[in-house]
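For reference, start-v3.cif (mmCIF, C-alpha atoms and all ligand atoms):
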data_run
loop_
_atom_site.label_atom_id
_atom_site.label_comp_id
_atom_site.auth_asym_id
_atom_site.auth_seq_id
_atom_site.Cartn_x
_atom_site.Cartn_y
_atom_site.Cartn_z
CA MET A 1 -16.80 28.24 8.99
CA LYS A 2 -14.99 25.37 10.73
CA SER A 3 -11.22 25.47 11.05
CA LEU A 4 -9.26 23.36 8.62
CA ASN A 5 -7.24 22.10 11.57
CA THR A 6 -10.14 19.83 12.35
CA LEU A 7 -9.21 18.03 9.15
CA GLN A 8 -6.65 15.88 10.91
CA GLU A 9 -7.48 12.59 12.51
CA PHE A 10 -5.41 9.82 14.00
CA THR A 11 -7.07 6.60 12.92
CA PRO A 12 -6.54 3.10 14.34
CA LEU A 13 -4.18 0.57 12.85
CA THR A 14 -6.15 -2.56 13.62
CA PRO A 15 -4.46 -5.98 13.71
CA LEU A 16 -6.17 -8.64 11.61
CA ASN A 17 -5.83 -12.10 13.08
CA HIS A 18 -6.59 -15.11 10.93
CA PRO A 19 -5.24 -18.68 10.58
CA LEU A 20 -4.46 -17.87 6.92
CA PHE A 21 -1.96 -15.25 8.02
CA ASP A 22 -0.50 -17.48 10.76
CA GLU A 23 0.00 -20.24 8.20
CA LYS A 24 2.02 -17.86 5.99
CA ALA A 25 3.84 -16.43 9.05
CA ILE A 26 2.93 -12.85 8.28
CA GLN A 27 1.38 -10.09 10.41
CA VAL A 28 -1.41 -7.99 8.97
CA TRP A 29 -3.02 -4.68 9.98
CA ILE A 30 -5.67 -2.49 8.43
CA LYS A 31 -5.33 1.30 8.59
CA ARG A 32 -8.87 2.47 9.30
CA ASP A 33 -8.97 5.74 7.41
CA ASP A 34 -12.62 5.00 6.71
CA LEU A 35 -13.01 6.35 10.26
CA ASN A 36 -11.16 9.63 9.73
CA HIS A 37 -14.14 11.85 8.93
CA PRO A 38 -17.89 11.30 8.71
CA THR A 39 -18.33 12.85 5.25
CA ILE A 40 -14.85 13.57 3.80
CA GLN A 41 -13.72 10.04 4.22
CA GLY A 42 -10.49 8.12 3.75
CA ASN A 43 -8.00 9.25 1.13
CA LYS A 44 -10.28 12.21 0.27
CA LEU A 45 -9.49 13.95 3.54
CA HIS A 46 -5.76 13.84 2.78
CA LYS A 47 -6.26 14.94 -0.82
CA LEU A 48 -8.51 17.87 0.00
CA LYS A 49 -6.84 19.24 3.10
CA TYR A 50 -4.10 21.38 1.53
CA ASN A 51 -6.25 22.18 -1.48
CA LEU A 52 -8.93 23.70 0.76
CA ALA A 53 -6.28 25.72 2.57
CA GLU A 54 -4.91 26.95 -0.77
CA ALA A 55 -8.39 27.81 -2.07
CA GLY A 56 -8.99 29.84 1.10
CA GLN A 57 -5.66 31.61 0.80
CA LEU A 58 -6.33 32.51 -2.82
CA GLY A 59 -9.64 34.01 -1.71
CA LYS A 60 -11.65 31.58 -3.85
CA LYS A 61 -15.31 31.27 -2.99
CA SER A 62 -16.06 27.95 -4.60
CA LEU A 63 -14.58 24.57 -5.43
CA LEU A 64 -15.14 23.28 -8.95
CA THR A 65 -14.45 19.71 -9.92
CA PHE A 66 -15.31 16.71 -12.10
CA GLY A 67 -16.50 13.16 -11.63
CA GLY A 68 -18.85 10.34 -12.51
CA ALA A 69 -22.26 9.77 -10.96
CA TYR A 70 -20.80 7.51 -8.23
CA SER A 71 -17.62 9.48 -7.58
CA ASN A 72 -16.40 9.52 -3.99
CA HIS A 73 -14.45 12.65 -4.91
CA ILE A 74 -17.65 14.47 -5.91
CA ALA A 75 -19.29 13.39 -2.64
CA ALA A 76 -16.28 14.50 -0.57
CA THR A 77 -15.88 17.85 -2.36
CA ALA A 78 -19.56 18.69 -1.86
CA ALA A 79 -19.32 17.73 1.82
CA ALA A 80 -16.09 19.73 2.27
CA GLY A 81 -17.67 22.80 0.69
CA TYR A 82 -20.71 22.46 2.92
CA SER A 83 -18.61 22.09 6.08
CA TYR A 84 -15.87 24.60 5.33
CA GLY A 85 -17.77 27.43 3.70
CA PHE A 86 -17.17 27.04 -0.06
CA LYS A 87 -19.78 26.85 -2.75
CA THR A 88 -19.28 23.75 -4.88
CA ILE A 89 -19.71 23.10 -8.58
CA GLY A 90 -19.58 19.59 -10.03
CA PHE A 91 -19.21 18.73 -13.70
CA ILE A 92 -20.69 15.27 -14.00
CA ARG A 93 -20.04 12.74 -16.77
CA GLY A 94 -23.25 11.88 -18.66
CA ASP A 95 -25.74 14.45 -19.93
CA GLU A 96 -28.57 11.89 -19.93
CA LEU A 97 -28.95 12.64 -16.20
CA ALA A 98 -29.46 16.37 -16.67
CA ASN A 99 -33.24 16.44 -16.65
CA GLN A 100 -33.85 13.25 -14.73
CA PRO A 101 -33.03 13.87 -11.07
CA GLU A 102 -35.07 10.79 -10.19
CA LYS A 103 -32.29 8.75 -11.84
CA TRP A 104 -29.48 10.40 -9.88
CA SER A 105 -27.29 8.11 -7.84
CA PRO A 106 -27.35 8.50 -4.04
CA THR A 107 -23.91 10.15 -4.45
CA LEU A 108 -25.34 12.86 -6.70
CA GLN A 109 -28.41 13.32 -4.53
CA THR A 110 -26.27 13.83 -1.43
CA ALA A 111 -23.89 16.16 -3.27
CA TYR A 112 -26.90 18.20 -4.41
CA GLN A 113 -28.27 18.30 -0.84
CA ASN A 114 -24.86 19.57 0.27
CA GLY A 115 -25.36 22.48 -2.09
CA MET A 116 -23.31 21.33 -5.09
CA GLN A 117 -24.36 22.94 -8.34
CA LEU A 118 -24.44 20.08 -10.85
CA HIS A 119 -23.62 20.48 -14.54
CA PHE A 120 -23.95 17.44 -16.75
CA LEU A 121 -21.57 17.00 -19.67
CA ASN A 122 -21.86 14.56 -22.54
CA ARG A 123 -19.03 12.05 -22.63
CA MET A 124 -17.20 13.78 -25.47
CA ASP A 125 -17.16 17.17 -23.74
CA TYR A 126 -16.25 15.51 -20.46
CA ARG A 127 -13.08 14.14 -22.03
CA GLN A 128 -11.95 17.72 -22.70
CA LYS A 129 -11.57 18.40 -18.99
CA THR A 130 -7.80 17.93 -18.92
CA ARG A 131 -7.16 20.15 -21.98
CA ALA A 132 -5.54 23.52 -21.27
CA HIS A 133 -8.04 25.56 -23.32
CA PHE A 134 -11.01 23.96 -21.56
CA PHE A 135 -9.43 24.71 -18.19
CA GLN A 136 -8.80 28.35 -19.20
CA GLN A 137 -12.38 28.73 -20.41
CA LEU A 138 -13.70 27.33 -17.15
CA GLN A 139 -11.47 29.57 -15.09
CA GLN A 140 -12.75 32.59 -17.04
CA GLN A 141 -16.33 31.49 -16.65
CA PHE A 142 -15.90 30.78 -12.92
CA PRO A 143 -13.20 33.21 -11.75
CA ASP A 144 -14.06 32.69 -8.07
CA SER A 145 -13.55 28.95 -8.33
CA TYR A 146 -10.65 26.81 -7.25
CA ILE A 147 -10.49 24.02 -9.83
CA LEU A 148 -9.72 20.50 -8.68
CA PRO A 149 -9.00 17.78 -11.23
CA GLU A 150 -11.04 14.57 -11.48
CA GLY A 151 -10.27 12.39 -8.45
CA GLY A 152 -8.66 15.41 -6.76
CA THR A 153 -5.12 14.36 -7.68
CA ASN A 154 -2.58 17.20 -7.81
CA ASN A 155 0.63 18.14 -5.99
CA LEU A 156 -1.19 19.53 -2.95
CA ALA A 157 -3.21 16.31 -2.71
CA ILE A 158 0.05 14.34 -2.62
CA GLN A 159 1.31 16.53 0.24
CA GLY A 160 -1.70 15.45 2.27
CA PHE A 161 -0.27 11.94 2.61
CA GLU A 162 2.72 13.02 4.68
CA GLU A 163 0.75 12.93 7.94
CA LEU A 164 -0.71 9.55 7.08
CA SER A 165 2.75 8.13 6.38
CA GLN A 166 3.95 9.56 9.69
CA GLN A 167 1.07 7.90 11.49
CA LEU A 168 1.90 4.55 9.91
CA ALA A 169 5.56 4.90 10.86
CA MET A 170 4.58 5.61 14.46
CA GLN A 171 2.00 2.86 14.67
CA CYS A 172 4.15 0.17 13.03
CA PRO A 173 7.74 1.40 12.54
CA ASP A 174 8.95 -1.74 10.74
CA TRP A 175 6.12 -2.41 8.31
CA THR A 176 7.32 -4.06 5.11
CA HIS A 177 4.31 -4.05 2.74
CA LEU A 178 1.51 -1.54 2.16
CA TYR A 179 -1.46 -2.24 -0.13
CA SER A 180 -3.63 0.57 -1.48
CA ALA A 181 -6.30 0.82 -4.17
CA VAL A 182 -5.50 2.89 -7.28
CA GLY A 183 -7.86 5.04 -9.35
CA THR A 184 -6.00 8.11 -10.60
CA GLY A 185 -2.81 7.15 -8.73
CA GLY A 186 -2.60 10.15 -6.39
CA THR A 187 -3.07 8.20 -3.19
CA LEU A 188 -0.42 5.67 -4.12
CA ALA A 189 1.98 8.43 -5.20
CA GLY A 190 1.54 10.18 -1.83
CA LEU A 191 2.15 6.97 0.08
CA ILE A 192 5.27 6.21 -1.98
CA LYS A 193 6.67 9.71 -1.63
CA PHE A 194 6.44 9.87 2.13
CA SER A 195 7.01 6.22 3.09
CA ALA A 196 10.70 6.60 2.27
CA PHE A 197 11.03 9.55 4.67
CA PHE A 198 10.15 7.55 7.71
CA CYS A 199 12.17 4.37 7.37
CA ASN A 200 15.63 2.91 7.18
CA GLN A 201 14.72 -0.42 5.62
CA PRO A 202 13.09 -1.16 2.25
CA ARG A 203 9.31 -0.95 2.15
CA HIS A 204 7.11 -2.41 -0.59
CA ILE A 205 4.19 -0.22 -1.64
CA LEU A 206 1.71 -2.09 -3.79
CA GLY A 207 -1.01 -0.32 -5.71
CA VAL A 208 -3.94 -2.44 -6.81
CA ALA A 209 -5.37 -0.99 -10.04
CA THR A 210 -9.16 -0.84 -10.01
CA LEU A 211 -9.44 -0.20 -13.74
CA LYS A 212 -8.30 -2.22 -16.74
CA GLN A 213 -5.09 -1.53 -18.63
CA ALA A 214 -3.97 0.91 -16.00
CA SER A 215 -0.25 0.85 -16.87
CA TYR A 216 -0.70 4.32 -18.42
CA LEU A 217 -0.81 5.58 -14.80
CA ILE A 218 2.80 4.57 -14.11
CA PRO A 219 4.47 7.73 -15.51
CA THR A 220 2.03 9.94 -13.59
CA ILE A 221 2.69 8.08 -10.34
CA GLU A 222 6.46 8.25 -11.00
CA GLN A 223 6.24 11.97 -11.59
CA LEU A 224 4.04 12.70 -8.54
CA SER A 225 6.03 10.49 -6.16
CA GLY A 226 9.51 11.11 -7.53
CA VAL A 227 10.22 7.36 -7.45
CA ARG A 228 10.59 5.07 -10.49
CA HIS A 229 8.36 2.01 -10.85
CA ASN A 230 10.04 -1.12 -9.47
CA GLN A 231 13.15 0.83 -8.54
CA GLN A 232 15.30 -0.63 -5.74
CA GLY A 233 15.42 1.62 -2.70
CA LEU A 234 13.70 2.44 0.55
CA ALA A 235 10.29 2.83 -1.09
CA GLN A 236 9.88 0.19 -3.78
CA TRP A 237 6.56 0.32 -5.53
CA GLN A 238 4.63 -1.63 -8.06
CA LEU A 239 1.31 -1.17 -9.79
CA LEU A 240 -0.58 -4.48 -9.76
CA LEU A 241 -2.71 -4.78 -12.87
CA ASP A 242 -4.25 -8.22 -12.48
CA TYR A 243 -6.83 -7.76 -9.73
CA CYS A 244 -9.36 -5.39 -11.26
CA GLY A 245 -11.79 -8.05 -12.48
CA GLN A 246 -13.78 -6.83 -15.47
CA GLY A 247 -12.78 -3.24 -14.88
CA TYR A 248 -13.68 -0.08 -13.06
CA GLY A 249 -16.81 -0.25 -10.90
CA LYS A 250 -17.35 -3.90 -11.82
CA GLU A 251 -17.25 -6.49 -9.12
CA ASN A 252 -17.04 -10.03 -10.52
CA SER A 253 -18.21 -13.00 -8.47
CA GLU A 254 -14.72 -13.71 -7.07
CA ILE A 255 -14.15 -10.14 -5.91
CA TYR A 256 -17.68 -9.94 -4.52
CA ALA A 257 -17.12 -13.19 -2.60
CA THR A 258 -13.81 -11.90 -1.27
CA ARG A 259 -15.45 -8.71 -0.04
CA LYS A 260 -18.20 -10.65 1.71
CA TRP A 261 -15.67 -13.08 3.23
CA PHE A 262 -13.52 -10.23 4.55
CA GLU A 263 -16.48 -8.32 5.98
CA GLU A 264 -17.70 -11.45 7.73
CA GLN A 265 -14.29 -12.50 9.10
CA PHE A 266 -13.24 -9.09 10.40
CA ASP A 267 -16.48 -7.13 10.74
CA ILE A 268 -15.00 -4.24 8.73
CA PRO A 269 -17.02 -2.83 5.82
CA LEU A 270 -15.40 -2.43 2.39
CA ASP A 271 -16.59 -0.43 -0.58
CA PRO A 272 -17.54 -2.16 -3.84
CA VAL A 273 -15.20 -0.19 -6.15
CA TYR A 274 -11.81 0.30 -4.47
CA THR A 275 -11.05 -1.41 -1.18
CA ASN A 276 -12.69 -4.66 -2.32
CA LYS A 277 -10.03 -4.94 -5.06
CA MET A 278 -7.23 -3.91 -2.72
CA ILE A 279 -8.14 -6.80 -0.39
CA TYR A 280 -8.58 -9.19 -3.32
CA GLY A 281 -5.17 -8.24 -4.70
CA PHE A 282 -3.52 -8.71 -1.31
CA LEU A 283 -5.09 -12.16 -0.76
CA GLU A 284 -4.18 -13.31 -4.28
CA GLN A 285 -0.59 -12.17 -3.77
CA LEU A 286 -0.47 -14.00 -0.47
CA ALA A 287 -1.83 -17.16 -2.09
CA THR A 288 0.74 -17.02 -4.90
CA GLY A 289 3.70 -16.64 -2.55
CA ASN A 290 4.51 -12.99 -3.25
CA ILE A 291 4.61 -12.02 0.41
CA PRO A 292 7.52 -13.66 2.26
CA PRO A 293 7.22 -15.07 5.80
CA GLY A 294 8.01 -12.47 8.44
CA SER A 295 6.39 -9.65 6.45
CA LYS A 296 4.44 -6.95 8.25
CA VAL A 297 1.62 -5.95 5.97
CA ILE A 298 -0.59 -2.87 6.17
CA LEU A 299 -3.84 -2.71 4.19
CA TYR A 300 -4.91 0.88 3.60
CA HIS A 301 -8.66 1.36 4.03
CA SER A 302 -9.16 4.43 1.86
CA GLY A 303 -12.87 4.83 2.68
CA GLY A 304 -15.44 5.11 -0.10
CA LEU A 305 -18.22 3.74 2.08
CA GLN A 306 -20.67 6.35 0.85
CA GLY A 307 -20.69 4.24 -2.34
CA ARG A 308 -22.18 1.25 -0.53
CA SER A 309 -25.69 1.99 -1.72
CA PRO A 310 -27.78 -1.08 -2.59
CA GLU A 311 -27.69 0.10 -6.23
CA LYS A 312 -23.92 -0.16 -6.35
CA GLN A 313 -23.68 -3.61 -4.79
CA ILE A 314 -23.65 -5.38 -8.12
C1 LIG B 401 -12.31 4.99 -1.62
C2 LIG B 401 -11.24 5.23 -2.60
N1 LIG B 401 -10.09 4.54 -2.50
C3 LIG B 401 -9.09 4.69 -3.37
C4 LIG B 401 -9.20 5.56 -4.44
C5 LIG B 401 -8.07 5.71 -5.39
O1 LIG B 401 -7.44 6.92 -5.20
P1 LIG B 401 -6.61 7.61 -6.34
O2 LIG B 401 -7.57 8.19 -7.32
O3 LIG B 401 -5.84 8.64 -5.63
O4 LIG B 401 -5.77 6.56 -6.96
C6 LIG B 401 -10.39 6.29 -4.61
C7 LIG B 401 -10.57 7.18 -5.75
O5 LIG B 401 -10.41 8.23 -5.95
C8 LIG B 401 -11.42 6.14 -3.66
O6 LIG B 401 -12.57 6.83 -3.75
#
What does this structure look like when you write it as structure tokens?
Ligand SMILES: Cc1ncc(COP(=O)(O)O)c(C=O)c1O
Amino acid sequence: MKSLNTLQEFTPLTPLNHPLFDEKAIQVWIKRDDLNHPTIQGNKLHKLKYNLAEAGQLGKKSLLTFGGAYSNHIAATAAAGYSYGFKTIGFIRGDELANQPEKWSPTLQTAYQNGMQLHFLNRMDYRQKTRAHFFQQLQQQFPDSYILPEGGTNNLAIQGFEELSQQLAMQCPDWTHLYSAVGTGGTLAGLIKFSAFFCNQPRHILGVATLKQASYLIPTIEQLSGVRHNQQGLAQWQLLLDYCGQGYGKENSEIYATRKWFEEQFDIPLDPVYTNKMIYGFLEQLATGNIPPGSKVILYHSGGLQGRSPEKQI
């Protein structure tokens, strides 16, 4: 079994030069966490690191978690189990896939190849996953399992963003704006929590929601980060709700064009579910004058490139 200490990578903060940014008198960098690990990529590495250590300490033999057929979290958990000596069990949304492996997404196929035992739940049962009695039943049924929530967001996942925030503070001590994609809100919460520790001037942390009507995430992010939405202070954060197109996993023509434009201009790949919307949100905010001249902006590349299968490029 590999050591968990290998789960720590210093990734580049790459400057992005473009006349658009010169015109607005801002500086822009992208934090290349898509390069932090070949199979447990981006934000997943930070979210899983302390959870894997905890699972090991508790003597658990397997990791059990939940996700959709294209979930980066499912892919990363299966890969982490394979690399670090845990069995993995995935509860997947959609029982129509149970007996049709030929219809499995590349994500599910790879997870299966990495040894993940797949259980398919119908959508109604899947919704039970956050209920206490369902959790207790699962824990009884799988006593050797360490249970991770959907998306991997919990307090130990948040802790994983301390090192990332430290890296950012070292690489660009006076950054003013940080853009990150939001699914369950854990990544944003981690960035908010630790950004304030490494600065003495206000920072703006902007989460671009990738799903519709995502304001329900605000209390969770407040609770996990310990910082109120829009509160004045060293780490001021906001959840941006207007850049998710038609909703989760859907890439409308504008967002698709933005992704293609970005990839062509900077030769950096984006994923079609998360980082595409983060970039779109940033560019729209820049166009509408929300980023003042003199700002130093970091775009967080949270990975997700395993989802770039032809099937998913809508
Ligand atoms: C590549 C990528 N970026 C960003 C996110 C959003 O992270 P979170 O669920 O912590 O908000 C996810 C989803 O989990 C993801 O897979």
For each of A:Lys193, A:Lys296, A:Arg259, A:His18, take the minimum atom-to-atom distance to Pro173 in chain A, counting only C-alpha atoms, then give the residue where this is smallest. A:Lys296
Which centre and which edge lengths, in Å to one decimal, describe the axis-aligned box that holds all listed atoms of ligand LIG 401 (chain B) after 4 Å is added on each side, as AutoDock Vina command-line options?
--center_x -9.2 --center_y 6.6 --center_z -4.5 --size_x 14.8 --size_y 12.1 --size_z 13.7
So which residues fall inside 6 Å of (-3.9, -2.0, -11.3) if we count only C-alpha atoms? Mind giving them as a PyMOL selection string? chain A and resi 208-210+214+239-241
Would you export the selected residues with C-alpha atoms as a PDB file, in the frame of the given file, please?
ATOM      1  CA  VAL A 208      -3.940  -2.440  -6.810  1.00  0.00           C
ATOM      2  CA  ALA A 209      -5.370  -0.990 -10.040  1.00  0.00           C
ATOM      3  CA  THR A 210      -9.160  -0.840 -10.010  1.00  0.00           C
ATOM      4  CA  ALA A 214      -3.970   0.910 -16.000  1.00  0.00           C
ATOM      5  CA  LEU A 239       1.310  -1.170  -9.790  1.00  0.00           C
ATOM      6  CA  LEU A 240      -0.580  -4.480  -9.760  1.00  0.00           C
ATOM      7  CA  LEU A 241      -2.710  -4.780 -12.870  1.00  0.00           C
TER       8      LEU A 241
END
As a list of chain:residue names, please: the residues near Lys212 in chain A (cut-off 12 Å, only C-alpha atoms, same-chain neighbours under 3 positions excluded).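 Result of the neighbour search: A:Val182, A:Gly183, A:Val208, A:Ala209, A:Ser215, A:Tyr216, A:Leu217, A:Leu239, A:Leu240, A:Leu241, A:Asp242, A:Tyr243, A:Cys244, A:Gly245, A:Gln246, A:Gly247, A:Tyr248, A:Gly249, A:Lys250.
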In Å, how far is it from CA of Leu188 in chain A to CA of Asn43 in chain A? 9.9 Å
Neighbouring residues of ligand LIG 401 (chain B) are defined here as those with any atom at most 10 Å from a ligand atom, counting only C-alpha atoms and all ligand atoms; list them as a PyMOL selection string. chain A and resi 33-34+41-44+46-47+67+70-76+150-154+157-158+180-191+207-210+217+221+270-278+300-307
What does the distance from CA of Leu148 in chain A to CA of Asn51 in chain A come to in Å, to one decimal?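 Atom-to-atom, CA of Leu148 in chain A and CA of Asn51 in chain A are spaced 8.2 Å apart.
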I want to know what sits within 6 Å of range 116-127 of chain A, based on only C-alpha atoms, with residues of the same chain fewer than 6 positions away left out; could you give that as an NGL selection string? :A and (78 or 88-95 or 98)
Export of prior selection with C-alpha atoms as a CSV table (one decimal), in the frame of the given file:
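What landed in again-v3.csv:
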chain,number,residue,atom,x,y,z
A,78,ALA,CA,-19.6,18.7,-1.9
A,88,THR,CA,-19.3,23.8,-4.9
A,89,ILE,CA,-19.7,23.1,-8.6
A,90,GLY,CA,-19.6,19.6,-10.0
A,91,PHE,CA,-19.2,18.7,-13.7
A,92,ILE,CA,-20.7,15.3,-14.0
A,93,ARG,CA,-20.0,12.7,-16.8
A,94,GLY,CA,-23.2,11.9,-18.7
A,95,ASP,CA,-25.7,14.4,-19.9
A,98,ALA,CA,-29.5,16.4,-16.7
Just how far from CA of Ile255 in chain A is CA of Glu23 in chain A, in Å to one decimal?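 Those two atoms sit 22.4 Å apart.
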For each of A:Thr11, A:Ala196, A:Gln113, A:Pro143, take the minimum atom-to-atom distance to Gly59 in chain A, counting all atoms listed in the file, then give the residue where this is smallest.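 Of A:Thr11, A:Ala196, A:Gln113, A:Pro143, the one nearest Gly59 in chain A is A:Pro143, counting all atoms listed in the file.
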From the list A:Gln167, A:Ala80, A:Pro202, A:Asn155, which residue is nearest Ser225 in chain A when using only C-alpha atoms?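 Answer, going by the shortest atom-to-atom distance: A:Asn155.
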Every residue with an atom at most 8 Å from (-8.8, -2.9, 13.3) (file coordinates; only C-alpha atoms) is what I'm after, so could you write them as a PyMOL selection string? chain A and resi 12-16+29-32+268
